Structures are given as C-alpha cells and as structure tokens.
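Enquirer: My structure is stored as input-v1.pdb, with PDB, C-alpha atoms.
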ATOM      1  CA  MET T   1      10.093  91.971  73.052
ATOM      2  CA  GLU T   2      13.741  91.122  73.522
ATOM      3  CA  LEU T   3      14.702  94.201  71.528
ATOM      4  CA  LEU T   4      12.307  96.548  73.337
ATOM      5  CA  GLY T   5      13.213  95.195  76.758
ATOM      6  CA  LYS T   6      15.956  97.769  77.181
ATOM      7  CA  PHE T   7      14.140 100.672  75.558
ATOM      8  CA  ASN T   8      13.827 102.460  78.917
ATOM      9  CA  TYR T   9      17.606 102.573  79.362
ATOM     10  CA  TRP T  10      18.104 103.955  75.860
ATOM     11  CA  VAL T  11      15.627 106.779  76.342
ATOM     12  CA  ILE T  12      17.210 107.599  79.692
ATOM     13  CA  PHE T  13      20.678 107.690  78.150
ATOM     14  CA  ILE T  14      19.451 109.980  75.378
ATOM     15  CA  LEU T  15      18.055 112.364  78.010
ATOM     16  CA  MET T  16      21.280 112.079  79.947
ATOM     17  CA  MET T  17      23.314 112.985  76.888
ATOM     18  CA  ILE T  18      21.069 115.972  76.136
ATOM     19  CA  GLY T  19      21.783 117.266  79.629
ATOM     20  CA  PHE T  20      25.483 116.530  79.216
ATOM     21  CA  TYR T  21      25.582 118.342  75.881
ATOM     22  CA  VAL T  22      23.952 121.436  77.381
ATOM     23  CA  VAL T  23      26.482 121.411  80.210
ATOM     24  CA  ILE T  24      29.554 121.247  77.984
ATOM     25  CA  ALA T  25      28.388 123.194  74.932
ATOM     26  CA  ARG T  26      26.565 126.186  76.420
ATOM     27  CA  GLY T  27      28.359 129.162  77.892
ATOM     28  CA  ASN T  28      25.570 130.590  80.025
ATOM     29  CA  LEU T  29      25.969 129.423  83.614
ATOM     30  CA  VAL T  30      22.227 129.280  84.360
ATOM     31  CA  THR T  31      21.660 127.165  81.236
ATOM     32  CA  LYS T  32      24.438 124.885  82.404
ATOM     33  CA  ILE T  33      22.696 124.386  85.757
ATOM     34  CA  ILE T  34      19.442 123.541  83.985
ATOM     35  CA  GLY T  35      21.325 121.047  81.817
ATOM     36  CA  LEU T  36      22.759 119.521  84.948
ATOM     37  CA  ASN T  37      19.224 119.180  86.306
ATOM     38  CA  VAL T  38      18.069 117.409  83.141
ATOM     39  CA  PHE T  39      20.975 115.002  83.560
ATOM     40  CA  GLN T  40      20.063 114.506  87.207
ATOM     41  CA  THR T  41      16.424 113.739  86.456
ATOM     42  CA  SER T  42      17.492 111.156  83.885
ATOM     43  CA  VAL T  43      19.590 109.448  86.557
ATOM     44  CA  PHE T  44      16.513 109.401  88.814
ATOM     45  CA  LEU T  45      14.560 107.791  85.992
ATOM     46  CA  LEU T  46      17.310 105.199  85.566
ATOM     47  CA  TYR T  47      17.068 104.158  89.206
ATOM     48  CA  ILE T  48      13.280 104.153  89.326
ATOM     49  CA  SER T  49      12.979 102.154  86.113
ATOM     50  CA  MET T  50      15.375  99.567  87.544
ATOM     51  CA  GLY T  51      13.114  99.240  90.582
ATOM     52  CA  LYS T  52      10.022  98.512  88.513
ATOM     53  CA  VAL T  53       8.703  94.950  88.588
ATOM     54  CA  ALA T  54       6.394  93.898  85.764
ATOM     55  CA  GLY T  55       2.859  93.622  87.119
ATOM     56  CA  GLY T  56       3.875  95.214  90.418
ATOM     57  CA  THR T  57       2.169  98.073  92.232
ATOM     58  CA  ALA T  58       3.367 100.934  94.395
ATOM     59  CA  PRO T  59       5.036  99.611  97.570
ATOM     60  CA  ILE T  60       2.162 100.409  99.919
ATOM     61  CA  LEU T  61       0.686  97.470 101.773
ATOM     62  CA  HIS T  62      -2.847  96.709 100.667
ATOM     63  CA  VAL T  63      -3.814  93.106  99.901
ATOM     64  CA  GLU T  64      -2.237  89.794 100.765
ATOM     65  CA  GLY T  65       0.100  88.457  98.075
ATOM     66  CA  ALA T  66       0.365  91.587  95.959
ATOM     67  CA  VAL T  67       3.516  92.147  93.923
ATOM     68  CA  TYR T  68       5.319  95.337  94.867
ATOM     69  CA  SER T  69       7.944  97.291  93.002
ATOM     70  CA  ASN T  70      11.290  97.617  94.716
ATOM     71  CA  PRO T  71      10.966 100.368  97.380
ATOM     72  CA  LEU T  72      14.701 100.843  97.898
ATOM     73  CA  PRO T  73      15.442 102.877  94.728
ATOM     74  CA  HIS T  74      12.437 105.064  95.587
ATOM     75  CA  VAL T  75      13.953 105.921  98.953
ATOM     76  CA  LEU T  76      17.361 106.662  97.466
ATOM     77  CA  ILE T  77      15.907 108.894  94.776
ATOM     78  CA  LEU T  78      13.660 110.700  97.244
ATOM     79  CA  THR T  79      16.801 111.692  99.097
ATOM     80  CA  ALA T  80      18.599 112.533  95.850
ATOM     81  CA  ILE T  81      15.846 114.868  94.633
ATOM     82  CA  VAL T  82      15.958 116.937  97.792
ATOM     83  CA  VAL T  83      19.753 117.043  97.802
ATOM     84  CA  GLY T  84      19.572 117.967  94.111
ATOM     85  CA  VAL T  85      17.457 121.018  94.753
ATOM     86  CA  ALA T  86      19.837 122.105  97.507
ATOM     87  CA  THR T  87      22.829 121.900  95.166
ATOM     88  CA  THR T  88      20.835 123.695  92.459
ATOM     89  CA  ALA T  89      20.134 126.520  94.896
ATOM     90  CA  LEU T  90      23.823 126.724  95.753
ATOM     91  CA  GLY T  91      24.841 126.741  92.069
ATOM     92  CA  LEU T  92      22.349 129.465  91.241
ATOM     93  CA  ALA T  93      23.560 131.491  94.209
ATOM     94  CA  LEU T  94      27.095 131.201  92.816
ATOM     95  CA  ALA T  95      25.798 132.364  89.425
ATOM     96  CA  VAL T  96      24.177 135.428  91.030
ATOM     97  CA  ARG T  97      27.412 136.160  92.880
ATOM     98  CA  ILE T  98      29.414 135.858  89.633
ATOM     99  CA  LYS T  99      26.983 138.208  87.961
ATOM    100  CA  ASP T 100      27.587 140.744  90.756
ATOM    101  CA  ALA T 101      31.344 140.406  90.460
ATOM    102  CA  TYR T 102      31.781 140.213  86.675
ATOM    103  CA  GLY T 103      28.591 141.701  85.289
ATOM    104  CA  THR T 104      27.914 138.631  83.146
ATOM    105  CA  VAL T 105      27.171 134.924  83.400
ATOM    106  CA  GLU T 106      28.571 134.033  79.980
ATOM    107  CA  GLU T 107      31.570 131.790  80.410
ATOM    108  CA  ASP T 108      33.800 133.198  77.649
ATOM    109  CA  GLU T 109      33.171 136.812  78.734
ATOM    110  CA  ILE T 110      34.198 135.895  82.266
ATOM    111  CA  TYR T 111      37.303 134.211  80.878
ATOM    112  CA  ALA T 112      38.176 137.266  78.789
ATOM    113  CA  LYS T 113      37.800 139.539  81.819
ATOM    114  CA  ASP T 114      39.988 137.260  83.901
ATOM    115  CA  LYS T 115      42.695 137.337  81.232
ATOM    116  CA  ARG T 116      42.627 141.126  81.049
ATOM    117  CA  ALA T 117      42.941 141.488  84.794
TER     118      ALA T 117
ATOM    119  CA  MET F   1       5.257 108.886  77.502
ATOM    120  CA  LEU F   2       8.988 108.358  77.459
ATOM    121  CA  VAL F   3       9.261 109.823  73.989
ATOM    122  CA  ALA F   4       7.193 112.858  74.999
ATOM    123  CA  THR F   5       9.619 113.543  77.815
ATOM    124  CA  ALA F   6      12.558 113.235  75.451
ATOM    125  CA  THR F   7      11.133 115.679  72.930
ATOM    126  CA  ALA F   8      10.235 118.168  75.638
ATOM    127  CA  ALA F   9      13.831 118.064  76.748
ATOM    128  CA  LEU F  10      15.044 118.450  73.171
ATOM    129  CA  TRP F  11      13.192 121.737  72.794
ATOM    130  CA  ILE F  12      15.146 123.086  75.706
ATOM    131  CA  ARG F  13      18.149 123.563  73.494
ATOM    132  CA  SER F  14      16.593 126.122  71.214
ATOM    133  CA  LEU F  15      14.852 128.827  73.250
ATOM    134  CA  PHE F  16      15.399 131.065  76.192
ATOM    135  CA  ALA F  17      12.012 130.015  77.527
ATOM    136  CA  VAL F  18      14.163 127.178  78.820
ATOM    137  CA  THR F  19      12.925 127.464  82.370
ATOM    138  CA  MET F  20       9.290 126.834  81.542
ATOM    139  CA  LEU F  21      10.237 123.857  79.392
ATOM    140  CA  PHE F  22      12.371 122.560  82.217
ATOM    141  CA  SER F  23       9.358 122.802  84.495
ATOM    142  CA  ILE F  24       7.243 120.866  82.009
ATOM    143  CA  TYR F  25      10.024 118.313  81.728
ATOM    144  CA  SER F  26      10.013 117.829  85.488
ATOM    145  CA  LEU F  27       6.262 117.411  85.527
ATOM    146  CA  LEU F  28       6.460 114.794  82.758
ATOM    147  CA  ALA F  29       9.171 113.008  84.697
ATOM    148  CA  ALA F  30       6.878 113.052  87.738
ATOM    149  CA  SER F  31       4.033 111.450  85.795
ATOM    150  CA  LEU F  32       6.491 108.898  84.487
ATOM    151  CA  PHE F  33       7.435 108.086  88.089
ATOM    152  CA  ILE F  34       3.763 107.360  88.792
ATOM    153  CA  THR F  35       3.577 104.878  85.931
ATOM    154  CA  LEU F  36       6.740 103.279  87.315
ATOM    155  CA  ASP F  37       4.993 102.784  90.714
ATOM    156  CA  ALA F  38       7.059 105.395  92.533
ATOM    157  CA  VAL F  39       4.291 107.611  93.889
ATOM    158  CA  ASP F  40       6.353 109.159  96.696
ATOM    159  CA  VAL F  41       9.099 110.080  94.272
ATOM    160  CA  ALA F  42       6.517 111.470  91.860
ATOM    161  CA  PHE F  43       5.037 113.979  94.255
ATOM    162  CA  THR F  44       8.429 115.043  95.517
ATOM    163  CA  GLU F  45       9.593 115.568  91.950
ATOM    164  CA  ALA F  46       6.434 117.518  91.105
ATOM    165  CA  ALA F  47       6.801 119.765  94.146
ATOM    166  CA  VAL F  48      10.570 120.171  94.122
ATOM    167  CA  GLY F  49      11.556 119.765  90.479
ATOM    168  CA  ALA F  50       8.635 121.448  88.799
ATOM    169  CA  GLY F  51       7.855 123.907  91.602
ATOM    170  CA  ILE F  52      10.782 125.025  93.700
ATOM    171  CA  SER F  53      13.526 124.617  91.092
ATOM    172  CA  THR F  54      11.548 126.744  88.643
ATOM    173  CA  VAL F  55      11.084 129.479  91.228
ATOM    174  CA  LEU F  56      14.800 129.359  92.058
ATOM    175  CA  VAL F  57      15.825 129.581  88.409
ATOM    176  CA  LEU F  58      13.391 132.423  87.771
ATOM    177  CA  THR F  59      14.677 134.448  90.735
ATOM    178  CA  THR F  60      18.208 133.927  89.441
ATOM    179  CA  LEU F  61      17.220 134.919  85.915
ATOM    180  CA  ALA F  62      15.684 138.117  87.280
ATOM    181  CA  ARG F  63      19.171 139.022  88.512
ATOM    182  CA  THR F  64      21.297 137.703  85.682
ATOM    183  CA  GLY F  65      19.156 138.599  82.666
ATOM    184  CA  TYR F  66      16.996 136.475  80.406
ATOM    185  CA  ARG F  67      19.200 136.621  77.348
ATOM    186  CA  GLN F  68      21.718 133.959  76.511
ATOM    187  CA  ARG F  69      24.342 134.496  73.877
ATOM    188  CA  LEU F  70      25.108 131.634  71.555
ATOM    189  CA  ARG F  71      28.756 130.774  71.305
ATOM    190  CA  ALA F  72      30.744 131.251  68.140
ATOM    191  CA  GLN F  73      32.699 128.084  68.772
ATOM    192  CA  SER F  74      31.753 124.996  66.746
ATOM    193  CA  VAL F  75      29.472 122.313  68.096
ATOM    194  CA  ALA F  76      31.490 119.459  66.630
ATOM    195  CA  LEU F  77      33.702 118.738  69.629
ATOM    196  CA  PRO F  78      30.999 118.632  72.341
ATOM    197  CA  MET F  79      28.722 116.713  69.976
ATOM    198  CA  THR F  80      31.399 114.067  69.373
ATOM    199  CA  VAL F  81      32.075 113.711  73.085
ATOM    200  CA  VAL F  82      28.364 113.343  73.800
ATOM    201  CA  ILE F  83      27.736 110.815  71.028
ATOM    202  CA  VAL F  84      30.723 108.677  72.022
ATOM    203  CA  THR F  85      29.684 108.700  75.697
ATOM    204  CA  GLY F  86      26.104 107.874  74.782
ATOM    205  CA  ALA F  87      27.191 105.022  72.528
ATOM    206  CA  VAL F  88      29.329 103.552  75.292
ATOM    207  CA  LEU F  89      26.429 103.779  77.743
ATOM    208  CA  ILE F  90      24.011 102.132  75.344
ATOM    209  CA  TRP F  91      26.580  99.423  74.649
ATOM    210  CA  GLY F  92      26.693  98.902  78.418
ATOM    211  CA  THR F  93      22.976  98.109  78.520
ATOM    212  CA  ALA F  94      23.757  94.806  76.794
ATOM    213  CA  ASP F  95      24.458  93.399  80.251
ATOM    214  CA  MET F  96      21.500  95.063  81.979
ATOM    215  CA  PRO F  97      18.457  93.025  83.009
ATOM    216  CA  ARG F  98      15.296  93.410  80.974
ATOM    217  CA  PHE F  99      12.838  96.167  82.001
ATOM    218  CA  GLY F 100      10.457  94.931  84.712
ATOM    219  CA  ASP F 101      12.254  91.619  85.137
ATOM    220  CA  PRO F 102      11.371  90.325  88.631
ATOM    221  CA  LEU F 103      14.555  88.199  88.674
ATOM    222  CA  ALA F 104      16.885  91.168  88.189
ATOM    223  CA  PRO F 105      19.718  91.363  90.751
ATOM    224  CA  VAL F 106      18.297  94.614  92.177
ATOM    225  CA  HIS F 107      15.285  92.747  93.529
ATOM    226  CA  GLN F 108      17.216  89.871  95.100
ATOM    227  CA  HIS F 109      19.221  91.272  97.943
ATOM    228  CA  VAL F 110      17.780  93.668 100.540
ATOM    229  CA  ALA F 111      14.484  94.666  98.981
ATOM    230  CA  PRO F 112      12.580  91.392  99.708
ATOM    231  CA  ARG F 113      13.384  91.735 103.383
ATOM    232  CA  TYR F 114      12.055  95.296 103.429
ATOM    233  CA  ILE F 115       8.921  94.268 101.585
ATOM    234  CA  GLU F 116       8.229  91.266 103.809
ATOM    235  CA  ASP F 117       9.276  92.487 107.243
ATOM    236  CA  SER F 118       8.857  96.238 107.350
ATOM    237  CA  PRO F 119       5.061  96.130 107.833
ATOM    238  CA  HIS F 120       5.494  94.027 111.017
ATOM    239  CA  GLU F 121       8.669  95.657 112.251
ATOM    240  CA  ILE F 122       7.708  99.274 111.745
ATOM    241  CA  GLY F 123       3.931  99.002 111.508
ATOM    242  CA  MET F 124       3.716 101.361 108.569
ATOM    243  CA  PRO F 125       1.839 100.372 105.429
ATOM    244  CA  ASN F 126       3.971 102.595 103.211
ATOM    245  CA  MET F 127       7.310 100.811 102.821
ATOM    246  CA  VAL F 128       9.040 103.839 101.364
ATOM    247  CA  THR F 129       8.292 105.801 104.519
ATOM    248  CA  SER F 130       9.482 103.089 106.868
ATOM    249  CA  ILE F 131      12.738 102.562 104.965
ATOM    250  CA  LEU F 132      13.386 106.273 104.692
ATOM    251  CA  ALA F 133      12.734 107.127 108.301
ATOM    252  CA  SER F 134      13.840 103.961 110.012
ATOM    253  CA  TYR F 135      16.144 101.542 108.179
ATOM    254  CA  ARG F 136      17.979 104.252 106.331
ATOM    255  CA  GLY F 137      17.519 107.018 108.857
ATOM    256  CA  PHE F 138      21.181 107.940 108.688
ATOM    257  CA  ASP F 139      20.811 108.732 104.982
ATOM    258  CA  THR F 140      18.074 111.142 105.825
ATOM    259  CA  LEU F 141      20.211 112.664 108.573
ATOM    260  CA  GLY F 142      23.048 113.133 106.079
ATOM    261  CA  GLU F 143      20.635 114.640 103.596
ATOM    262  CA  THR F 144      19.477 117.156 106.173
ATOM    263  CA  ALA F 145      23.132 118.018 106.826
ATOM    264  CA  VAL F 146      23.668 118.595 103.090
ATOM    265  CA  ILE F 147      20.640 120.842 102.874
ATOM    266  CA  PHE F 148      21.737 122.790 105.939
ATOM    267  CA  THR F 149      25.200 123.242 104.408
ATOM    268  CA  ALA F 150      23.674 124.391 101.141
ATOM    269  CA  GLY F 151      21.449 126.862 102.981
ATOM    270  CA  VAL F 152      24.438 128.218 104.895
ATOM    271  CA  GLY F 153      26.381 128.423 101.634
ATOM    272  CA  VAL F 154      23.642 130.361  99.875
ATOM    273  CA  LEU F 155      23.364 132.764 102.794
ATOM    274  CA  ALA F 156      27.120 133.210 102.926
ATOM    275  CA  LEU F 157      27.255 133.917  99.203
ATOM    276  CA  LEU F 158      24.342 136.293  98.995
ATOM    277  CA  GLY F 159      22.778 137.187 102.274
ATOM    278  CA  ILE F 160      25.279 138.639 104.664
ATOM    279  CA  ARG F 161      27.774 140.796 102.779
ATOM    280  CA  ARG F 162      25.544 142.390 100.245
ATOM    281  CA  ARG F 163      27.285 144.599  97.718
ATOM    282  CA  ALA F 164      24.681 145.257  95.072
ATOM    283  CA  PRO F 165      22.032 147.541  96.565
ATOM    284  CA  THR F 166      19.428 146.806  93.892
ATOM    285  CA  ARG F 167      16.932 143.978  94.321
ATOM    286  CA  ALA F 168      18.737 142.575  97.293
ATOM    287  CA  GLN F 169      15.679 140.763  98.576
ATOM    288  CA  SER F 170      15.349 138.107  95.879
ATOM    289  CA  PRO F 171      18.414 135.959  96.640
ATOM    290  CA  GLU F 172      17.267 135.424 100.195
ATOM    291  CA  ASP F 173      14.022 134.020  98.907
ATOM    292  CA  ALA F 174      16.106 131.583  96.924
ATOM    293  CA  SER F 175      17.628 130.024 100.000
ATOM    294  CA  ARG F 176      14.515 129.657 102.074
ATOM    295  CA  PRO F 177      12.533 127.045 100.109
ATOM    296  CA  SER F 178      15.434 124.616 100.089
ATOM    297  CA  GLU F 179      15.649 124.651 103.854
ATOM    298  CA  SER F 180      11.947 124.174 104.467
ATOM    299  CA  GLU F 181      12.190 121.208 102.120
ATOM    300  CA  SER F 182      14.088 119.135 104.670
ATOM    301  CA  GLU F 183      10.980 117.732 106.264
ATOM    302  CA  HIS F 184       9.891 116.509 102.871
ATOM    303  CA  GLY F 185      12.085 113.547 102.305
TER     304      GLY F 185
END
If you convert what's in this file into structure tokens, what do you get?
Expert:
Amino acid sequence: MELLGKFNYWVIFILMMIGFYVVIARGNLVTKIIGLNVFQTSVFLLYISMGKVAGGTAPILHVEGAVYSNPLPHVLILTAIVVGVATTALGLALAVRIKDAYGTVEEDEIYAKDKRA
Amino acid sequence: MLVATATAALWIRSLFAVTMLFSIYSLLAASLFITLDAVDVAFTEAAVGAGISTVLVLTTLARTGYRQRLRAQSVALPMTVVIVTGAVLIWGTADMPRFGDPLAPVHQHVAPRYIEDSPHEIGMPNMVTSILASYRGFDTLGETAVIFTAGVGVLALLGIRRRAPTRAQSPEDASRPSESESEHG
C-alpha cells in the first residue's frame, strides 16, 4: 500500500511527459497545441487527485456527517479548463494565421522560409 | 482507469487521427474526474475538452491540412530531456502525501472552513458553486476577462482583416464557442 500510495502522481507525470515530448519533438504546430492540451489535462488530474479524500464523496451537501473531498481544487480547475480552451482557441487562430502567411504549419519549413527571406 | 487513459494518450503519438484520440482522452479524463469526486469538473471537461476543443482543432485542421510530416531530426535529445524531467518529478513525489490521505496539508487550511460554513453562509448545497461564485468571485471575473481577451485576439487575428478569400467563415466559428463558454465556469 505504501508503494502504491503515490501511483496517481506517477501516472500523471507520465501523461505530463507525453504531452511535453509532443510539444518539443513534433514540428506541426497543431500537434504541438494538442500536446500542450494533454499536458494541461494531466495538471488538472494532479490537482483533482490531490483534492481526493479516501472515503469522501462529491462536495455537495446531502447527509449530516458525510466526508467530502476538497472542493477548492475543483473550483480552481473549473476555472483553468475554461481558460485553457480560450488559450487553445487563440493558439489555433495563430496557427491558421501562420498557414495563411507561410503556406505551412511545419516548424522547420517556416524556419527555412524565414531564413531565405 | 488511469492506465487506460495513459495508453490512449500514448497512441496519440503515432497517427494523424490525433484529434479523435485527443477527444477520447478528454472523455476518459472526465470519467476519471467523476471517480475522484469532482463532478463539476467532469462535466466541464466533457463539454469543453472533449466537445469544444475537438471542434476547434477540426476547424483548424480543415484550414491547415490533415497531414503532418515527421521530422528527420533524431528523437534522442527531446527524449532525454523528457525522461530527465520526468525522473525529477517522480523523485519529487517522495515528499508528497499519500493518495486520499485526509491529513494531507491541502485539506488543512481553507477547505474545512468552506466545507463547514459555506452551506450556512451562502445557502447553496453545492460547495463548488458557492466557492466559485462567491468566495472566489474575483477569480471568475479574471477568467471572464481572459476569455474576452482571447475572443478579441482570435477576432483580431482572423476575423477583421481577412486576406484569404477561401473558406473565410470557419475561423469565426472557432472564436464563438469560447466566448459563450464564459457562463459555464
């Protein structure tokens, strides 16, 4: 039990690193944004899993003396999800704009064109 | 459940059906949020992550093309960076409290007050709602400001000075869902 007690963090860090890898290793800008989203979701999971109390229920009042999970991380992540989709929209809009200007969303092609100019 | 999410995310690396897998990944994350007692977060994630993000990515892909070129450059350097960072993070969990531990520092400071007093003070059975709208109302105000800025940014980038005459309608669709989302959370 002692060994498995931190299993949640490990899985979350693996997900985080998958997202990180996609961001730094892939050249396609849209793929990068998706990688960033994977990373973001793993951060959400990190917060939510820290708020979990063993034997607790969702923080909605029902019976006297019930154990609730911590509602504060839920609130923070609720805000973060909505902000996340706004930044995703902005990033994708930038990608579309780059496509209009350069004719490609591959990073190294953009770099080559910039060097030629 | 956790492992299923991880494998779903692993598949993302191979294909260009990435978007659909990303949507599935979001949905799995949402179901994971339910098992972790965060129901409000779960339905927001399902609506926003699995729904709106997918639509946004698909509209972008319609403009930028579905094909991604693999790079010639070696994977060794990014892989090393990722593995080292991951190892450091996992090493850091040595000091973290055990999963579900009710004595963890997170549960000691402000949360008990919210759990005990918010039903009397706000009169709302759902604590997440009362914290979001009342105790931390300024956060939500700031969030709305961020979304408004993002909406303005998207419009400025795509909507007003439109150069490409073809398929000019799709980017505007991309900005609208994010603005209507502000009432959500």
Enquirer: Quick check, in Å to one decimal: how far apart do atom CA of F:Val152 and atom CA of T:Ala89 lie?
Expert: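 Computed distance, atom CA of F:Val152 to atom CA of T:Ala89, equals 11.0 Å.
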Enquirer: Could you tell me which residues the PyMOL selection byres ((chain T and resi 46) around 10) returns for this structure, as a PDB file with C-alpha atoms, in the frame of the given file?
Expert:
ATOM      1  CA  ASN T   8      13.827 102.460  78.917  1.00  0.00           C
ATOM      2  CA  TYR T   9      17.606 102.573  79.362  1.00  0.00           C
ATOM      3  CA  TRP T  10      18.104 103.955  75.860  1.00  0.00           C
ATOM      4  CA  VAL T  11      15.627 106.779  76.342  1.00  0.00           C
ATOM      5  CA  ILE T  12      17.210 107.599  79.692  1.00  0.00           C
ATOM      6  CA  PHE T  13      20.678 107.690  78.150  1.00  0.00           C
ATOM      7  CA  MET T  16      21.280 112.079  79.947  1.00  0.00           C
ATOM      8  CA  GLN T  40      20.063 114.506  87.207  1.00  0.00           C
ATOM      9  CA  THR T  41      16.424 113.739  86.456  1.00  0.00           C
ATOM     10  CA  SER T  42      17.492 111.156  83.885  1.00  0.00           C
ATOM     11  CA  VAL T  43      19.590 109.448  86.557  1.00  0.00           C
ATOM     12  CA  PHE T  44      16.513 109.401  88.814  1.00  0.00           C
ATOM     13  CA  LEU T  45      14.560 107.791  85.992  1.00  0.00           C
ATOM     14  CA  TYR T  47      17.068 104.158  89.206  1.00  0.00           C
ATOM     15  CA  ILE T  48      13.280 104.153  89.326  1.00  0.00           C
ATOM     16  CA  SER T  49      12.979 102.154  86.113  1.00  0.00           C
ATOM     17  CA  MET T  50      15.375  99.567  87.544  1.00  0.00           C
ATOM     18  CA  GLY T  51      13.114  99.240  90.582  1.00  0.00           C
ATOM     19  CA  PRO T  73      15.442 102.877  94.728  1.00  0.00           C
TER      20      PRO T  73
END
Enquirer: To one decimal in Å, tell me the separation between atom CA of F:Leu27 and atom CA of F:Met127.
Expert: 24.0 Å
Enquirer: List the neighbours of stretch 29-34 of chain T out to 6 Å using all atoms listed in the file; skip same-chain residues closer than 3 positions along the sequence, and give me the result as a PyMOL selection string.
Expert: chain T and resi 23+37+105
Enquirer: For C-alpha atoms, I'd like the residues from the last selection saved as a PDB file, keeping the file's coordinate frame.
Expert:
ATOM      1  CA  VAL T  23      26.482 121.411  80.210  1.00  0.00           C
ATOM      2  CA  ASN T  37      19.224 119.180  86.306  1.00  0.00           C
ATOM      3  CA  VAL T 105      27.171 134.924  83.400  1.00  0.00           C
TER       4      VAL T 105
END
Enquirer: Here's the selection I'm unsure about, the PyMOL selection byres ((chain F and resi 77-94) around 9); applied to the file above, which residues does it give, as a list of chain:residue names?
Expert: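 That expression, the PyMOL selection byres ((chain F and resi 77-94) around 9), corresponds here to T:Lys6, T:Tyr9, T:Trp10, T:Phe13, T:Ile14, T:Met16, T:Met17, T:Ile18, T:Phe20, T:Tyr21, T:Ile24, T:Ala25, F:Ser74, F:Val75, F:Ala76, F:Asp95, F:Met96, F:Pro97.
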Enquirer: Provide the atom CA of F:Ile131 to atom CA of T:Val75 distance in Å, to one decimal place.
Expert: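 Computing the Euclidean distance for atom CA of F:Ile131 and atom CA of T:Val75 yields 7.0 Å.
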Enquirer: Could you tell me which of F:Arg113, F:His107, F:Arg136, F:His120 comes closest to T:Asn70 if we count all atoms listed in the file?
Expert: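 Going through F:Arg113, F:His107, F:Arg136, F:His120 one by one, the smallest distance to T:Asn70 is for F:His107.
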